[in-house]
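What follows is the content of input.tsv, which has TSV, C-alpha atoms:
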chain	number	residue	atom	x	y	z
A	1	GLU	CA	-7.11	4.39	24.03
A	2	HIS	CA	-7.89	0.82	25.10
A	3	GLN	CA	-6.87	-0.86	28.36
A	4	GLY	CA	-4.16	1.70	28.95
A	5	HIS	CA	-2.73	1.46	25.42
A	6	GLU	CA	-2.90	4.35	23.01
A	7	PHE	CA	-3.60	3.53	19.36
A	8	VAL	CA	-2.91	5.99	16.54
A	9	VAL	CA	-5.05	5.49	13.44
A	10	SER	CA	-4.20	6.85	10.01
A	11	SER	CA	-6.17	6.64	6.78
A	12	SER	CA	-5.51	6.42	3.07
A	13	ILE	CA	-8.38	7.90	1.07
A	14	GLY	CA	-9.24	7.56	-2.60
A	15	VAL	CA	-11.78	9.89	-4.18
A	16	SER	CA	-13.74	9.53	-7.42
A	17	LEU	CA	-16.23	12.11	-8.68
A	18	TYR	CA	-19.48	11.67	-10.57
A	19	PRO	CA	-19.89	11.85	-13.55
A	20	ASP	CA	-16.31	12.26	-14.81
A	21	ASP	CA	-14.95	9.20	-12.97
A	22	GLY	CA	-17.94	6.90	-13.36
A	23	ALA	CA	-21.59	6.85	-14.33
A	24	ASP	CA	-22.72	4.39	-11.64
A	25	ILE	CA	-21.91	3.27	-8.11
A	26	ASP	CA	-19.79	0.27	-9.16
A	27	ALA	CA	-17.56	2.34	-11.46
A	28	LEU	CA	-17.14	5.08	-8.85
A	29	LEU	CA	-16.21	2.58	-6.14
A	30	LYS	CA	-13.71	0.78	-8.37
A	31	ASN	CA	-12.00	4.02	-9.34
A	32	ALA	CA	-12.01	5.29	-5.75
A	33	ASP	CA	-10.34	2.01	-4.80
A	34	VAL	CA	-7.66	2.59	-7.45
A	35	ALA	CA	-7.05	6.09	-6.06
A	36	MET	CA	-6.90	4.72	-2.51
A	37	TYR	CA	-4.13	2.29	-3.43
A	38	LYS	CA	-2.28	5.17	-5.07
A	39	ALA	CA	-2.55	7.03	-1.75
A	40	LYS	CA	-1.00	4.02	-0.01
A	41	GLU	CA	1.84	3.88	-2.53
A	42	SER	CA	2.49	7.57	-1.89
A	43	GLY	CA	3.26	7.00	1.77
A	44	ARG	CA	-0.14	6.33	3.33
A	45	ASN	CA	-2.17	8.71	5.49
A	46	SER	CA	-3.01	10.82	2.45
A	47	VAL	CA	-5.75	11.57	-0.07
A	48	ARG	CA	-5.62	10.97	-3.83
A	49	PHE	CA	-8.21	11.86	-6.47
A	50	TYR	CA	-8.79	9.39	-9.28
A	51	SER	CA	-7.37	10.11	-12.71
A	52	GLY	CA	-7.49	8.16	-15.95
A	53	THR	CA	-3.76	7.47	-15.83
A	54	MET	CA	-4.25	5.65	-12.53
A	55	ARG	CA	-6.58	3.18	-14.21
A	56	LEU	CA	-4.11	2.57	-17.02
A	57	ARG	CA	-1.28	2.01	-14.54
A	58	SER	CA	-3.48	-0.24	-12.44
A	59	LEU	CA	-4.42	-2.36	-15.45
A	60	GLU	CA	-0.80	-2.53	-16.56
A	61	ARG	CA	0.26	-3.60	-13.05
A	62	LEU	CA	-2.38	-6.32	-13.00
A	63	GLU	CA	-1.22	-7.53	-16.40
A	64	LEU	CA	2.41	-7.54	-15.27
A	65	GLU	CA	1.49	-9.43	-12.10
A	66	SER	CA	-0.40	-12.01	-14.11
A	67	GLY	CA	2.47	-12.26	-16.58
A	68	LEU	CA	5.02	-12.66	-13.81
A	69	ARG	CA	3.07	-15.59	-12.37
A	70	HIS	CA	3.50	-17.40	-15.69
A	71	ALA	CA	6.94	-16.07	-16.63
A	72	LEU	CA	8.83	-18.97	-15.04
A	73	ASP	CA	6.73	-21.61	-16.79
A	74	ARG	CA	7.01	-19.80	-20.11
A	75	GLU	CA	10.79	-19.43	-19.76
A	76	GLU	CA	10.62	-15.66	-20.11
A	77	LEU	CA	13.11	-15.12	-17.27
A	78	GLU	CA	16.83	-15.53	-17.68
A	79	LEU	CA	19.98	-14.77	-15.73
A	80	HIS	CA	22.72	-12.46	-16.87
A	81	TYR	CA	26.09	-12.59	-15.11
A	82	GLN	CA	28.36	-9.64	-14.37
A	83	PRO	CA	32.03	-10.53	-13.73
A	84	LYS	CA	33.95	-9.54	-10.62
A	85	LEU	CA	37.61	-8.65	-11.07
A	86	CYS	CA	40.22	-9.26	-8.36
A	87	LEU	CA	42.37	-6.14	-8.28
A	88	LYS	CA	45.37	-7.98	-6.87
A	89	THR	CA	45.61	-10.70	-9.56
A	90	ARG	CA	43.62	-8.87	-12.29
A	91	GLN	CA	41.72	-12.11	-12.85
A	92	ILE	CA	37.96	-12.73	-13.04
A	93	ILE	CA	37.19	-14.59	-9.81
A	94	GLY	CA	33.41	-14.52	-9.70
A	95	VAL	CA	30.15	-13.23	-11.13
A	96	GLU	CA	26.90	-11.77	-9.85
A	97	ALA	CA	23.68	-13.32	-11.12
A	98	LEU	CA	21.14	-10.71	-12.23
A	99	VAL	CA	17.62	-11.69	-13.27
A	100	ARG	CA	16.06	-10.30	-16.46
A	101	TRP	CA	12.49	-10.55	-17.78
A	102	GLU	CA	11.65	-10.36	-21.46
A	103	HIS	CA	7.88	-9.77	-21.54
A	104	PRO	CA	6.19	-10.89	-24.79
A	105	ASP	CA	4.27	-7.59	-25.08
A	106	TYR	CA	6.24	-5.01	-23.09
A	107	GLY	CA	9.73	-6.21	-23.97
A	108	ASN	CA	12.48	-5.98	-21.37
A	109	ILE	CA	11.04	-5.23	-17.92
A	110	PRO	CA	13.73	-3.78	-15.61
A	111	PRO	CA	14.30	-5.59	-12.30
A	112	ASP	CA	13.45	-2.47	-10.28
A	113	ARG	CA	9.90	-2.84	-11.61
A	114	PHE	CA	9.21	-6.55	-11.41
A	115	VAL	CA	11.21	-7.51	-8.30
A	116	PRO	CA	9.20	-5.16	-6.02
A	117	LEU	CA	6.07	-6.46	-7.77
A	118	ALA	CA	7.13	-10.03	-6.93
A	119	GLU	CA	7.53	-9.00	-3.29
A	120	GLU	CA	4.09	-7.35	-3.21
A	121	CYS	CA	2.21	-10.26	-4.76
A	122	GLY	CA	4.01	-13.04	-2.87
A	123	LEU	CA	6.11	-14.42	-5.73
A	124	ILE	CA	9.52	-13.38	-4.45
A	125	THR	CA	10.32	-16.71	-2.79
A	126	GLN	CA	9.50	-18.67	-5.96
A	127	LEU	CA	11.48	-16.18	-8.08
A	128	GLY	CA	14.40	-16.18	-5.66
A	129	GLU	CA	14.61	-19.97	-5.55
A	130	TRP	CA	14.58	-20.12	-9.37
A	131	VAL	CA	17.47	-17.63	-9.49
A	132	LEU	CA	19.37	-19.59	-6.84
A	133	ASN	CA	18.93	-22.96	-8.55
A	134	THR	CA	19.72	-21.63	-12.01
A	135	ALA	CA	22.85	-19.80	-10.84
A	136	CYS	CA	24.19	-22.86	-8.99
A	137	ARG	CA	23.70	-25.07	-12.04
A	138	GLN	CA	25.47	-22.53	-14.25
A	139	ALA	CA	28.43	-22.25	-11.87
A	140	LYS	CA	28.78	-26.04	-11.93
A	141	LYS	CA	28.70	-26.05	-15.76
A	142	TRP	CA	31.50	-23.47	-15.88
A	143	GLN	CA	33.57	-25.50	-13.44
A	144	ASP	CA	33.11	-28.71	-15.44
A	145	ARG	CA	33.70	-27.06	-18.81
A	146	TYR	CA	36.67	-24.82	-18.02
A	147	GLY	CA	38.13	-26.38	-14.89
A	148	GLN	CA	37.95	-23.03	-13.10
A	149	ARG	CA	36.22	-22.38	-9.81
A	150	ILE	CA	34.24	-19.23	-10.53
A	151	SER	CA	32.04	-18.21	-7.62
A	152	VAL	CA	28.51	-16.97	-8.28
A	153	ALA	CA	26.75	-14.35	-6.15
A	154	VAL	CA	22.98	-14.44	-5.67
A	155	ASN	CA	20.88	-11.67	-4.12
A	156	LEU	CA	18.42	-12.56	-1.36
A	157	SER	CA	15.50	-10.27	-0.53
A	158	SER	CA	14.39	-9.80	3.06
A	159	GLN	CA	11.08	-11.55	2.33
A	160	GLN	CA	12.86	-14.53	0.85
A	161	PHE	CA	15.21	-14.65	3.83
A	162	PHE	CA	12.43	-14.71	6.43
A	163	GLN	CA	9.39	-16.20	4.72
A	164	SER	CA	11.03	-19.48	3.76
A	165	ASP	CA	13.52	-21.91	5.24
A	166	VAL	CA	16.24	-20.14	3.34
A	167	ALA	CA	19.11	-22.27	4.65
A	168	ASN	CA	17.52	-25.53	3.49
A	169	ALA	CA	16.62	-23.97	0.13
A	170	VAL	CA	20.24	-22.94	-0.36
A	171	PHE	CA	21.63	-26.32	0.69
A	172	GLN	CA	19.13	-28.09	-1.61
A	173	ALA	CA	20.19	-25.92	-4.56
A	174	LEU	CA	23.85	-26.73	-3.92
A	175	PHE	CA	23.11	-30.45	-3.59
A	176	GLU	CA	21.06	-30.65	-6.78
A	177	ALA	CA	23.75	-28.78	-8.74
A	178	SER	CA	26.62	-30.73	-7.11
A	179	LEU	CA	28.23	-27.35	-6.42
A	180	MET	CA	30.71	-26.74	-3.62
A	181	PRO	CA	29.40	-24.23	-1.04
A	182	SER	CA	32.60	-22.20	-1.37
A	183	LEU	CA	31.55	-21.27	-4.91
A	184	LEU	CA	28.35	-19.59	-3.75
A	185	GLN	CA	28.02	-16.10	-2.32
A	186	LEU	CA	24.81	-14.67	-0.92
A	187	GLU	CA	24.32	-10.90	-1.10
A	188	LEU	CA	22.10	-9.57	1.69
A	189	THR	CA	20.51	-6.16	2.10
A	190	GLU	CA	20.88	-4.19	5.30
A	191	SER	CA	17.13	-4.45	5.88
A	192	ILE	CA	17.58	-8.17	6.56
A	193	LEU	CA	19.73	-7.31	9.54
A	194	MET	CA	17.00	-5.14	11.07
A	195	HIS	CA	14.64	-8.00	11.91
A	196	ASP	CA	14.95	-10.67	14.59
A	197	ILE	CA	18.66	-10.28	15.27
A	198	GLN	CA	19.32	-13.62	16.94
A	199	GLU	CA	17.34	-15.55	14.33
A	200	THR	CA	19.22	-13.73	11.59
A	201	ILE	CA	22.59	-14.46	13.19
A	202	ASP	CA	21.68	-18.13	13.60
A	203	THR	CA	20.67	-18.47	9.95
A	204	MET	CA	23.71	-16.59	8.68
A	205	THR	CA	26.01	-18.67	10.89
A	206	GLN	CA	24.45	-21.89	9.56
A	207	LEU	CA	25.09	-20.72	5.98
A	208	LYS	CA	28.62	-19.48	6.64
A	209	ASP	CA	29.66	-22.61	8.55
A	210	SER	CA	28.87	-24.61	5.40
A	211	GLY	CA	31.41	-22.56	3.44
A	212	ILE	CA	29.09	-20.03	1.78
A	213	ALA	CA	30.33	-16.43	1.71
A	214	LEU	CA	27.98	-13.69	2.97
A	215	VAL	CA	28.17	-10.20	1.50
A	216	MET	CA	26.38	-7.05	2.66
A	217	ASP	CA	25.05	-5.44	-0.50
A	218	ASP	CA	24.76	-1.68	-1.15
A	219	PHE	CA	26.66	-0.77	2.00
A	220	GLY	CA	26.21	2.86	3.00
A	221	THR	CA	22.73	3.39	1.57
A	222	GLY	CA	20.76	1.99	4.52
A	223	TYR	CA	21.33	1.98	8.26
A	224	SER	CA	25.02	1.14	8.06
A	225	SER	CA	25.34	0.51	11.78
A	226	LEU	CA	28.85	-0.48	12.76
A	227	SER	CA	27.38	-2.90	15.29
A	228	TYR	CA	26.16	-5.01	12.34
A	229	LEU	CA	29.69	-5.49	11.13
A	230	GLN	CA	30.77	-6.73	14.55
A	231	ARG	CA	27.82	-8.99	15.34
A	232	PHE	CA	26.92	-10.59	12.00
A	233	PRO	CA	29.13	-13.24	10.36
A	234	LEU	CA	29.83	-11.32	7.16
A	235	ASP	CA	32.68	-11.92	4.73
A	236	ALA	CA	32.56	-8.78	2.60
A	237	LEU	CA	30.96	-5.40	2.04
A	238	LYS	CA	29.80	-4.07	-1.30
A	239	ILE	CA	30.20	-0.32	-1.89
A	240	ASP	CA	27.06	0.97	-3.56
A	241	ARG	CA	27.49	2.40	-7.06
A	242	SER	CA	25.99	5.72	-5.92
A	243	PHE	CA	29.28	6.44	-4.10
A	244	VAL	CA	31.46	5.19	-6.95
A	245	MET	CA	29.91	6.94	-9.94
A	246	ASP	CA	30.97	10.48	-8.96
A	247	LEU	CA	33.99	9.93	-6.73
A	248	GLU	CA	36.29	11.58	-9.33
A	249	HIS	CA	34.47	14.89	-8.87
A	250	ASN	CA	32.90	14.58	-5.43
A	251	LYS	CA	35.35	14.66	-2.53
A	252	ASP	CA	32.71	13.41	-0.08
A	253	ASP	CA	32.12	10.26	-2.15
A	254	ALA	CA	35.86	9.67	-2.39
A	255	VAL	CA	36.21	9.97	1.39
A	256	ILE	CA	33.27	7.64	1.96
A	257	CYS	CA	34.74	4.99	-0.37
A	258	SER	CA	38.22	5.13	1.14
A	259	THR	CA	36.77	5.04	4.67
A	260	ILE	CA	34.60	1.99	3.92
A	261	ILE	CA	37.60	0.15	2.49
A	262	ALA	CA	39.84	0.94	5.47
A	263	MET	CA	37.14	0.16	8.04
A	264	ALA	CA	36.21	-3.15	6.39
A	265	HIS	CA	39.81	-4.29	6.21
A	266	HIS	CA	40.37	-3.47	9.90
A	267	LEU	CA	37.37	-5.72	10.64
A	268	GLY	CA	38.75	-8.52	8.47
A	269	LEU	CA	36.22	-8.04	5.67
A	270	LYS	CA	36.83	-7.86	1.93
A	271	VAL	CA	35.44	-5.02	-0.16
A	272	VAL	CA	33.71	-5.12	-3.54
A	273	ALA	CA	33.04	-1.89	-5.46
A	274	GLU	CA	30.16	-1.99	-7.92
A	275	GLY	CA	29.40	0.38	-10.76
A	276	VAL	CA	33.03	0.95	-11.81
A	277	GLU	CA	32.84	2.49	-15.27
A	278	THR	CA	36.03	4.55	-15.74
A	279	HIS	CA	39.77	3.95	-15.51
A	280	ALA	CA	39.96	6.74	-12.91
A	281	GLN	CA	37.51	4.84	-10.68
A	282	LEU	CA	39.51	1.66	-11.22
A	283	GLY	CA	42.71	3.48	-10.26
A	284	PHE	CA	41.13	4.90	-7.11
A	285	MET	CA	39.92	1.49	-5.96
A	286	SER	CA	43.28	-0.09	-6.71
A	287	ASP	CA	45.22	2.66	-4.90
A	288	HIS	CA	43.02	2.35	-1.80
A	289	GLY	CA	43.25	-1.43	-1.56
A	290	CYS	CA	39.76	-2.42	-2.67
A	291	ASP	CA	39.69	-6.18	-3.20
A	292	GLN	CA	37.27	-6.60	-6.12
A	293	ILE	CA	35.36	-4.47	-8.60
A	294	GLN	CA	32.50	-4.98	-11.01
A	295	GLY	CA	30.95	-2.62	-13.52
A	296	TYR	CA	30.70	-1.69	-17.18
A	297	LEU	CA	34.45	-0.99	-17.39
A	298	ILE	CA	35.00	-4.73	-16.97
A	299	SER	CA	31.80	-6.01	-18.56
A	300	LYS	CA	28.06	-5.49	-18.74
A	301	PRO	CA	25.98	-8.31	-17.25
In structure tokens, write the structure found in this file.
Amino acid sequence: EHQGHEFVVSSSIGVSLYPDDGADIDALLKNADVAMYKAKESGRNSVRFYSGTMRLRSLERLELESGLRHALDREELELHYQPKLCLKTRQIIGVEALVRWEHPDYGNIPPDRFVPLAEECGLITQLGEWVLNTACRQAKKWQDRYGQRISVAVNLSSQQFFQSDVANAVFQALFEASLMPSLLQLELTESILMHDIQETIDTMTQLKDSGIALVMDDFGTGYSSLSYLQRFPLDALKIDRSFVMDLEHNKDDAVICSTIIAMAHHLGLKVVAEGVETHAQLGFMSDHGCDQIQGYLISKP
């Protein structure tokens, strides 16, 4: 306790043992450090003993981090686009941009591995701006080539949203691509809405007032506070695929999906269902008035 304030201290401990984990002080300290970071990854305030697999994973992570820093310059990253189908017109009306990394040694690295890595090592803003700029240029090419206005959706991480002047970055990407703001959608996670509420509202309002659509991604998997839907200037909700994949056999998932659709529509929001892979799922979404779907039934990214 200090000056009337109580402080609670926790510790993450890594342990290495002589001689199995190192023959000298330097080796033992390095391996204990590896184990300590593993303790942090496991939820902190815990103890982990060093094992050989930790060292291999640590070296692989360092190699991936180093590779990711050069991936943009080496043109190893590319965007894949997954179409969105309007259930009313049965026309493709947009796509979601999804980043992929083809590592020269490890092959295809899934986004759930390298995106969190980019957040940890401070590369997420650079990666996010590359995705944004590339997606805007591609949307403009489609418009010029086919004469159709296909909107493109880009995901923003919470770090990207708060660590950079995200509004100016978005406007700059639109300007350089000569793309109309109405053809860009930004998909936001619920964690973004948990930070400085007024600052978040101000930034979202600035983006929306320009004509950009704002979508809450993976709705239902986070905090899902109804107050968010009233206070934040959203245009649409996206039903997470975890509720869609089993709705044919799980009554609870079916109820959740139908409730989200009805609630969103009462609040003036559109609904996008992701992960639609069967005709039964398509029929359910159509019967319950879902606005758009995306998934392998329509097309892979």
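Between atom CA of A:Gln143 and atom CA of A:Arg100 lies a distance of 23.4 Å.
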For A:Ala39, the closest of A:Gly94, A:Pro111, A:Pro19, A:Gly14 counting only C-alpha atoms is A:Gly14
Compare A:Val34, A:Leu188, A:Ile212, A:Leu98 by their minimum atom-to-atom distance to A:Asp112, counting all atoms listed in the file, and give me the closest one.
->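 Answer, going by the shortest atom-to-atom distance: A:Leu98.
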Within 9 Å of A:Ala35 using all atoms listed in the file, minus same-chain residues under 6 positions, as a PyMOL selection string = chain A and resi 13-16+47-51+54-55
Print the selection's residues with C-alpha atoms to a file, as a PDB file, in the coordinates of the input.
ATOM      1  CA  ILE A  13      -8.380   7.900   1.070  1.00  0.00           C
ATOM      2  CA  GLY A  14      -9.240   7.560  -2.600  1.00  0.00           C
ATOM      3  CA  VAL A  15     -11.780   9.890  -4.180  1.00  0.00           C
ATOM      4  CA  SER A  16     -13.740   9.530  -7.420  1.00  0.00           C
ATOM      5  CA  VAL A  47      -5.750  11.570  -0.070  1.00  0.00           C
ATOM      6  CA  ARG A  48      -5.620  10.970  -3.830  1.00  0.00           C
ATOM      7  CA  PHE A  49      -8.210  11.860  -6.470  1.00  0.00           C
ATOM      8  CA  TYR A  50      -8.790   9.390  -9.280  1.00  0.00           C
ATOM      9  CA  SER A  51      -7.370  10.110 -12.710  1.00  0.00           C
ATOM     10  CA  MET A  54      -4.250   5.650 -12.530  1.00  0.00           C
ATOM     11  CA  ARG A  55      -6.580   3.180 -14.210  1.00  0.00           C
TER      12      ARG A  55
END
Selection near stretch 258-273 of chain A, 6 Å with all atoms listed in the file, sequence-local residues under 3 positions removed, as a PyMOL selection string | chain A and resi 235-239+255+290-293
What lies within 12 Å of A:Phe171 using all atoms listed in the file, ignoring chain neighbours under 2 positions off, as JSON, numbers by chain?
-> {"A": [129, 132, 133, 136, 165, 166, 167, 168, 169, 173, 174, 175, 176, 177, 178, 179, 180, 181, 182, 184, 206, 207, 208, 209, 210, 211, 212]}
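Of the listed residues (A:Asp20, A:Glu277, A:Asp33, A:Asp218), A:Glu277 comes nearest to A:Glu248; the distances count all atoms listed in the file.
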Can you find the residues with an atom no farther than 12 Å from (22.0, -6.5, 7.2), counting all atoms listed in the file, and report them as a ChimeraX atom specification?
-> /A:156-158,161,186-197,200-201,204,214-234,236-238
Using only C-alpha atoms: which of A:Ile298, A:Ala118, A:Ser151, A:Asp287 has the shortest distance to A:Ala213 | A:Ser151
Near A:Gly122, counting all atoms listed in the file, which residues have an atom at most 10 Å away, once you skip same-chain residues fewer than 6 positions from it, shown as a list in words?
->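 In the requested format, the answer is Arg69, Pro116, Gln159, Gln160 and Gln163 of chain A.
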Write out as a list in words the residues lying within 9 Å of A:Trp101, counting only C-alpha atoms and excluding same-chain residues fewer than 4 positions away.
-> Leu68, Ala71, Glu76, Leu77, Glu78, Leu79, Gly107, Asn108, Ile109, Pro110, Pro111 and Phe114 of chain A
Output C-alpha atoms for every residue in that selection, as a PDB file, keeping the file's coordinate frame.
ATOM      1  CA  LEU A  68       5.020 -12.660 -13.810  1.00  0.00           C
ATOM      2  CA  ALA A  71       6.940 -16.070 -16.630  1.00  0.00           C
ATOM      3  CA  GLU A  76      10.620 -15.660 -20.110  1.00  0.00           C
ATOM      4  CA  LEU A  77      13.110 -15.120 -17.270  1.00  0.00           C
ATOM      5  CA  GLU A  78      16.830 -15.530 -17.680  1.00  0.00           C
ATOM      6  CA  LEU A  79      19.980 -14.770 -15.730  1.00  0.00           C
ATOM      7  CA  GLY A 107       9.730  -6.210 -23.970  1.00  0.00           C
ATOM      8  CA  ASN A 108      12.480  -5.980 -21.370  1.00  0.00           C
ATOM      9  CA  ILE A 109      11.040  -5.230 -17.920  1.00  0.00           C
ATOM     10  CA  PRO A 110      13.730  -3.780 -15.610  1.00  0.00           C
ATOM     11  CA  PRO A 111      14.300  -5.590 -12.300  1.00  0.00           C
ATOM     12  CA  PHE A 114       9.210  -6.550 -11.410  1.00  0.00           C
TER      13      PHE A 114
END
Shortest interatomic distance to A:His70 - which of A:Met285, A:Leu123, A:Ala139, A:Val154, counting all atoms listed in the file =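 Among the listed residues, A:Leu123 lies closest to A:His70.
Atom to atom, atom CA of A:His80 and atom CA of A:Pro301 stand 5.3 Å apart.
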Which is closer to A:Glu96 than all the others in A:Ile256, A:Leu117, A:Val170, A:Leu183, using all atoms listed in the file?
->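 Among A:Ile256, A:Leu117, A:Val170, A:Leu183, it is A:Leu183 that comes nearest to A:Glu96.
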Please write as a list of chain:residue names the list of polymer residues whose atoms come within 9 Å of (41.0, -16.4, -10.7), counting all atoms listed in the file and keeping to the coordinates of the file.
->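 Here is the list of nearby residues: A:Leu85, A:Cys86, A:Thr89, A:Arg90, A:Gln91, A:Ile92, A:Ile93, A:Gly94, A:Gln148, A:Arg149, A:Ile150.
Taking atom CA of A:Glu274 and atom CA of A:His249 as endpoints, the distance between them is 17.4 Å.
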Given 5 Å on each side, where is the centre and what are the edge lengths in Å to one decimal of the axis-aligned box enclosing the listed atoms of stretch 203-213 of chain A, as lines of an AutoDock Vina configuration file?
center_x = 26.0
center_y = -20.5
center_z = 6.3
size_x = 20.7
size_y = 18.2
size_z = 19.2
